[in-house]
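Worksheet: one structure, shown below.
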Amino acid sequence: MLMDKTQESVWNNCLKIIKDNVPTISYRTWFEPIIPIKLENNVLTIQVPSPFFYEYLEEQYIDILRKTLRKELGSDAKLEYNVVMENNAFSNAKPVTVKIPANNKSDLKNKPVSVPLNLKENSIKNPFIIPGIKKLHVDPQLNPDYSFSNFVEGECNRLARSAGFAVANNPGGTAFNPLLLYGGSGLGKTHLAQAIGIEVKEKFSEKIVLYVNANKFTTQFVEAVRTENVNDFVHFYQMIDVLILDDVHEFAGKEKTQEIFFQIFNHLHQSKKQLILTSDKPPVELQGLEQRLLSRFKWGLSADLQIPDYETRIAILNKKIYNDGIEMPSDVIEYIASHITNNVRELEGALISLLAQSTLNKKEITLDLAKQMIDKLVKNTKREISIDYIQKVVCDYFSMPVDLLKSKTRKREIVQARQIAMFFAKNLTKSSLATIGSQIGGKDHATVLHACKTVNNLIETDKRFRVYIDEIEKKLKM
Ligand code: ADP
Ligand code: MG
């Protein structure tokens, strides 16, 4: 007996063929979420979860969709999409139907239709465009001040800068993919990464560029999980041509975020899209990041930004002064450059405070004024205390090797020292609980939280313990 064809049976037969012809991961991502909803007059209607999804299918899989559908329904088969439009977080999902015949190339062969094929820029692959969604507009989140022309080149950044420039001129097409820029705080990672984005936008305005900080990415992901929009989240990121992810070390200990980023990373890399990452350490030293992610980072190029030498510091100051249209005696510039030595952000900060001082007090900018201000500034800028340094000081204090603290040992004294280190790391650094945990004994954020509570309790209840803490704190701040 011949069964009537249903949308399910037709779609399932299509899927069987598709499954054999696309990579498993793509199949799962792009075909499993599709729901066949109607079969009428040889038109199969499928529901896709988002506009991004629809666009992506159209770009990548229209051929196989057409072939399989025609095999099932004959040459006049048609396909329609039912696109679920995301309205807001509460998603009163309003399906929008877009008619998309299994059409194009082969139909054109039979009866030449006047399709403006010559209009390269505006040509629309599919005549049944949903108004407003085809041109995916993504604000790239770039700050125009962070351009290449504002980035002073020096020995300290030569490799990173030229690799960045090469990438900007040929995004996705160089061996530098991903490009990982690393270096200490305030040395220009964000600036350079943004410069690449700005340059790409200037040269290839149609490319979708997006700058995002790792923390923001994490927040977006958490929100997507909460509102059950993870698919859209992933699809959105998979549409980007040049993805700049700043401060990837912030992913430490955030396993779910790393997992989703891993998926996005693979997809973009496979599609020859450009990835630019920054981190505060070279990949080998990035703790709390999954090995498979780290090994991906090594596929491209890692380039470091070092502390600028004296000449470069002078050049940076001069550039800022010039850009701001101000004047400053050269002995003042030299004084700043020779006293603020290890961080470009602080260099800029000094310049800004000096300007503020002179404006507010209506004093001329003189070497004396600069000296007064900078001496104060240098005294006040606390050395940034690192988690490693905290572990070293705590271990020295209790005369135990640092390795023991980092190990999994659950011996009482070691556990206590570890808790103290966590407590100080929480109070004296800006690191997240997850980062602290992963660096001190490979623990999770809950353990760190618990450690801080325990230490606080002991400080209040145990006099001797309190003395330890005070003494260690003094050593840390020396
Ligand atoms: P990071 O991301 O490494 O912490 P940023 O990129 O935020 O550092 O840089 C800190 C400040 O220093 C920014 O205002 C940036 O414009 C400036 N800066 C850093 N490197 C340079 C450079 N080579 N030329 C000009 N300005 C720089
Ligand atoms: Mg930065």
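Ligands are numbered from 1 in the order shown, chains are lettered A, B, ... in the order of the structure tokens, and residues start at 1 in each chain.
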For this session: Might you pull out every residue within 9 Å of range 273-288 of chain A, with only C-alpha atoms counted and same-chain residues fewer than 4 positions away left off, and present them as a ChimeraX atom specification?
Result: /A:164,167,171-174,176-185,189-190,193,196,240-255,265,267-269,294-295,297-298,302-304,434-435,437-439,442
Distance query Tyr56 in chain A at most 10 Å, only C-alpha atoms, self and fewer than 3 positions along chain excluded, as a PDB file with N, CA and C atoms, in the first residue's frame:
ATOM      1  N   TRP A  30      23.099  22.399  12.242  1.00  0.00           N
ATOM      2  CA  TRP A  30      22.245  23.078  11.259  1.00  0.00           C
ATOM      3  C   TRP A  30      21.026  22.294  10.807  1.00  0.00           C
ATOM      4  N   SER A  50      16.009  30.806  13.764  1.00  0.00           N
ATOM      5  CA  SER A  50      16.330  32.230  13.771  1.00  0.00           C
ATOM      6  C   SER A  50      16.663  32.691  12.366  1.00  0.00           C
ATOM      7  N   PRO A  51      16.651  34.008  12.177  1.00  0.00           N
ATOM      8  CA  PRO A  51      17.054  34.531  10.871  1.00  0.00           C
ATOM      9  C   PRO A  51      18.477  34.145  10.497  1.00  0.00           C
ATOM     10  N   PHE A  52      19.366  34.131  11.507  1.00  0.00           N
ATOM     11  CA  PHE A  52      20.761  33.761  11.220  1.00  0.00           C
ATOM     12  C   PHE A  52      20.809  32.363  10.617  1.00  0.00           C
ATOM     13  N   PHE A  53      19.998  31.547  11.200  1.00  0.00           N
ATOM     14  CA  PHE A  53      19.943  30.164  10.791  1.00  0.00           C
ATOM     15  C   PHE A  53      19.526  30.062   9.328  1.00  0.00           C
ATOM     16  N   GLU A  59      23.196  30.152   2.557  1.00  0.00           N
ATOM     17  CA  GLU A  59      24.549  30.337   2.045  1.00  0.00           C
ATOM     18  C   GLU A  59      25.271  29.014   1.822  1.00  0.00           C
ATOM     19  N   GLN A  60      25.117  28.135   2.784  1.00  0.00           N
ATOM     20  CA  GLN A  60      25.972  26.950   2.778  1.00  0.00           C
ATOM     21  C   GLN A  60      25.306  25.698   2.234  1.00  0.00           C
ATOM     22  N   TYR A  61      24.013  25.581   2.425  1.00  0.00           N
ATOM     23  CA  TYR A  61      23.430  24.265   2.184  1.00  0.00           C
ATOM     24  C   TYR A  61      22.295  24.251   1.176  1.00  0.00           C
ATOM     25  N   ILE A  62      22.098  25.364   0.454  1.00  0.00           N
ATOM     26  CA  ILE A  62      20.947  25.390  -0.427  1.00  0.00           C
ATOM     27  C   ILE A  62      21.050  24.315  -1.511  1.00  0.00           C
ATOM     28  N   HIS A 235      24.805  30.831  16.723  1.00  0.00           N
ATOM     29  CA  HIS A 235      24.655  31.192  15.308  1.00  0.00           C
ATOM     30  C   HIS A 235      25.110  32.607  15.047  1.00  0.00           C
ATOM     31  N   GLN A 238      28.761  32.633  14.871  1.00  0.00           N
ATOM     32  CA  GLN A 238      29.281  31.904  13.712  1.00  0.00           C
ATOM     33  C   GLN A 238      29.125  32.680  12.410  1.00  0.00           C
ATOM     34  N   MET A 239      28.392  33.778  12.465  1.00  0.00           N
ATOM     35  CA  MET A 239      28.244  34.612  11.266  1.00  0.00           C
ATOM     36  C   MET A 239      29.367  35.649  11.129  1.00  0.00           C
TER      37      MET A 239
END
* Asked: If you count only C-alpha atoms, which residues fall within 10 Å of Ser407 in chain A, apart from same-chain ones fewer than 2 positions away, as a PyMOL selection string?
  -> chain A and resi 402-405+409-410+414+418+440-442
- Message: Just want the 10 Å neighbourhood of Asp139 in chain A, counted on only C-alpha atoms, with same-chain residues fewer than 4 positions away dropped. Output as a list in words.
- Response: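 With the cut-off at 10 Å, the set is Ile208, Val209, Leu210 and Tyr211 of chain A.
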Practice problem: Point out the residue among A:Gly188, A:Gly74, A:Pro401, A:Pro49 with the least atom-to-atom distance to ligand 2, counting only C-alpha atoms and all ligand atoms. | Solution: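 Checking each of A:Gly188, A:Gly74, A:Pro401, A:Pro49 against ligand 2, counting only C-alpha atoms and all ligand atoms, the winner is A:Gly188.
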Subject >> Best match for closeness to Lys426 in chain A among A:Cys452, A:Thr447, A:Leu44, A:Thr29, counting only C-alpha atoms >> reply: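 When distances to Lys426 in chain A are compared using only C-alpha atoms, the smallest one comes from A:Cys452.
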Q: For Val10 in chain A, please output as a PyMOL selection string all residues within 9 Å (counting only C-alpha atoms; exclusion window: fewer than 2 positions along the same chain).
A: chain A and resi 5-8+12-15+36+39+44+69+72-73
Pick out the closest residue to ligand 1 from this set: A:Phe236, A:Phe31, A:Tyr322, A:Phe398. Count only C-alpha atoms and all ligand atoms.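 Between A:Phe236, A:Phe31, A:Tyr322, A:Phe398, the residue approaching ligand 1 most closely is A:Tyr322.
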For Met400 in chain A, please output as a compact mmCIF listing (two decimals) with N, CA, C and O atoms, in the first residue's frame all residues within 12 Å (counting only C-alpha atoms; exclusion window: fewer than 6 positions along the same chain).
# COMPACT_ATOMS: atom_id res chain seq x y z
N GLN A 391 51.23 33.63 46.52
CA GLN A 391 51.54 32.24 46.91
C GLN A 391 52.97 32.13 47.43
O GLN A 391 53.25 31.44 48.40
N LYS A 392 53.86 32.89 46.78
CA LYS A 392 55.26 32.82 47.19
C LYS A 392 55.42 33.38 48.61
O LYS A 392 56.07 32.77 49.47
N VAL A 393 54.80 34.54 48.84
CA VAL A 393 54.94 35.17 50.16
C VAL A 393 54.33 34.30 51.26
O VAL A 393 54.93 34.10 52.32
N VAL A 394 53.15 33.76 50.97
CA VAL A 394 52.50 32.91 51.98
C VAL A 394 53.37 31.69 52.28
O VAL A 394 53.58 31.32 53.44
N LYS A 406 50.31 24.33 45.58
CA LYS A 406 49.61 24.14 44.31
C LYS A 406 49.14 22.71 44.11
O LYS A 406 48.39 22.43 43.18
N GLU A 413 47.77 21.88 57.44
CA GLU A 413 48.55 23.13 57.36
C GLU A 413 48.54 23.67 55.93
O GLU A 413 48.48 24.88 55.70
N ILE A 414 48.62 22.72 54.99
CA ILE A 414 48.68 23.15 53.59
C ILE A 414 47.34 23.74 53.18
O ILE A 414 47.29 24.79 52.52
N ALA A 417 47.18 27.21 54.53
CA ALA A 417 48.01 28.17 53.78
C ALA A 417 47.36 28.49 52.44
O ALA A 417 47.32 29.65 52.00
N ARG A 418 46.80 27.47 51.82
CA ARG A 418 46.14 27.67 50.54
C ARG A 418 44.95 28.62 50.71
O ARG A 418 44.73 29.53 49.92
Shortest contact to Leu65 in chain A, candidates A:Met328, A:Ile17, A:Ile25, A:Ala175, atoms counted only C-alpha atoms, goes to A:Ile17
Between CA of Ile307 in chain A and CA of Val344 in chain A, what is the spacing in Å?
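Those two atoms sit 8.0 Å apart.
Comparing A:His445, A:Ile387, A:Trp11, A:Glu327 by their smallest distance to Lys71 in chain A, the closest is A:Trp11 (using only C-alpha atoms).
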So which residues are near ligand 1, meaning at most 10 Å away with only C-alpha atoms and all ligand atoms counted, given back as a ChimeraX atom specification? /A:145-158,161,181-195,246-247,278-280,305-308,312-313,315-320,343-349
Report task. Name the closest residue to ligand 2 among the candidates A:Asn342, A:Val22, A:Tyr27, A:Asn215; distances are taken between atoms, counting only C-alpha atoms and all ligand atoms. Result ->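 Of all the options, A:Asn215 lies closest to ligand 2.
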Would you work out the distance separating CA of Lys272 in chain A from CA of Tyr81 in chain A, expressed in Å to one decimal?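 Between CA of Lys272 in chain A and CA of Tyr81 in chain A the gap is 27.4 Å.
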task: Assign secondary structure with DSSP using the backbone only, and return the residues of range 151-261 of chain A in strand (DSSP E) as a PyMOL selection string.
output: chain A and resi 179-182+209-213+242-246
